[in-house]
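Undergrad: Here it is: the structure, laid out below.
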Amino acid sequence: MASRLARTAVGAARLRPSVVPRVLPALSTVASPRYSSGVPSEDPKTKAQSIIDSLPGSNLMSKTAILSSAAGLSIYALSNEYYVVNEETVVAFCLLSVWGGLIKFGGPVYKEWADAQSNKIKNILNSARADHTQAVKTRISDVQQMSGVIDYTKTLFAVSKETAKLEAEAYELEQRTALAAEAKTVLDSWVRYESQVKQRQQKELAQTVIAKVQKELENPKVLKQILDQSVADVEKIVSKA
């Protein structure tokens, strides 16, 4: 460890004469256009206040103590060669400067872009929420308009029940009418049949009586008896007259 520190000190002693001339002209060349340009420089009081505000601590005393401690430690480290300014320090300082510039100047742009994207997404979500709310309200109003469907359904059910009852009664009456018509047809057929039978019987009876009379008229005794009875009836009529 001691040998490493010695080598570092020797290297720093060799680099010190060459680094300082390189850095100072570069700083002078960088600083000269700044003062020669027309860009207004920042107020030193504001810059100092921003530096003080960036330090950790709750009050001015604590920030001053922290800044003094950091400066003392830096001076102690540099004086005892615990830390040597070399090319790596310059590169680190340049990188920190570049990153600081990007954060300082690119941060607001990125913040604006992020805010724009956030507002865009927020507007989309708000629009979707409004559309969903409107759809729910429309659905609720539609359902409220259909609140009387139950009463209408009950009424239609009662009407359909009454219609089914009337249709059943109509079908029953139709069946009764058909049965009565069929019974009447059967009865009419029986009446016609009985009438035909009676006519046939009467005809047969008449034929039988006529045949019997004709047969009896063929007997002389019967003719004589009939003639005698006829003469007697005539005599009675004449005698009464």
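Here, A, B, ... name the chains of the structure tokens in the order displayed, residue numbers run from 1 inside each chain, and ligands are numbered from 1 in the same displayed order.
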Using only C-alpha atoms, I'd like a table of the residues in stretch 133-227 of chain A that come within 12 Å of stretch 106-128 of chain A; for each, show the closest atom pair and its distance in Å rounded to one decimal, ordered by chain and ascending number, as JSON lines.
TA:
```
{"residue": "A:Thr133", "atom": "CA", "partner": "A:Ala128", "partner_atom": "CA", "distance": 8.4}
{"residue": "A:Gln134", "atom": "CA", "partner": "A:Ala128", "partner_atom": "CA", "distance": 9.7}
{"residue": "A:Ala135", "atom": "CA", "partner": "A:Ala128", "partner_atom": "CA", "distance": 10.4}
```
Undergrad: Which distance in Å separates atom CA of A:Pro44 and atom CA of A:Ala71, to one decimal?
TA: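 That distance, rounded to one decimal, is 20.3 Å.
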Undergrad: Any idea what the distance is between atom CA of A:Val209 and atom CA of A:Glu194?
TA: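 Between atom CA of A:Val209 and atom CA of A:Glu194 the gap works out to 21.8 Å.
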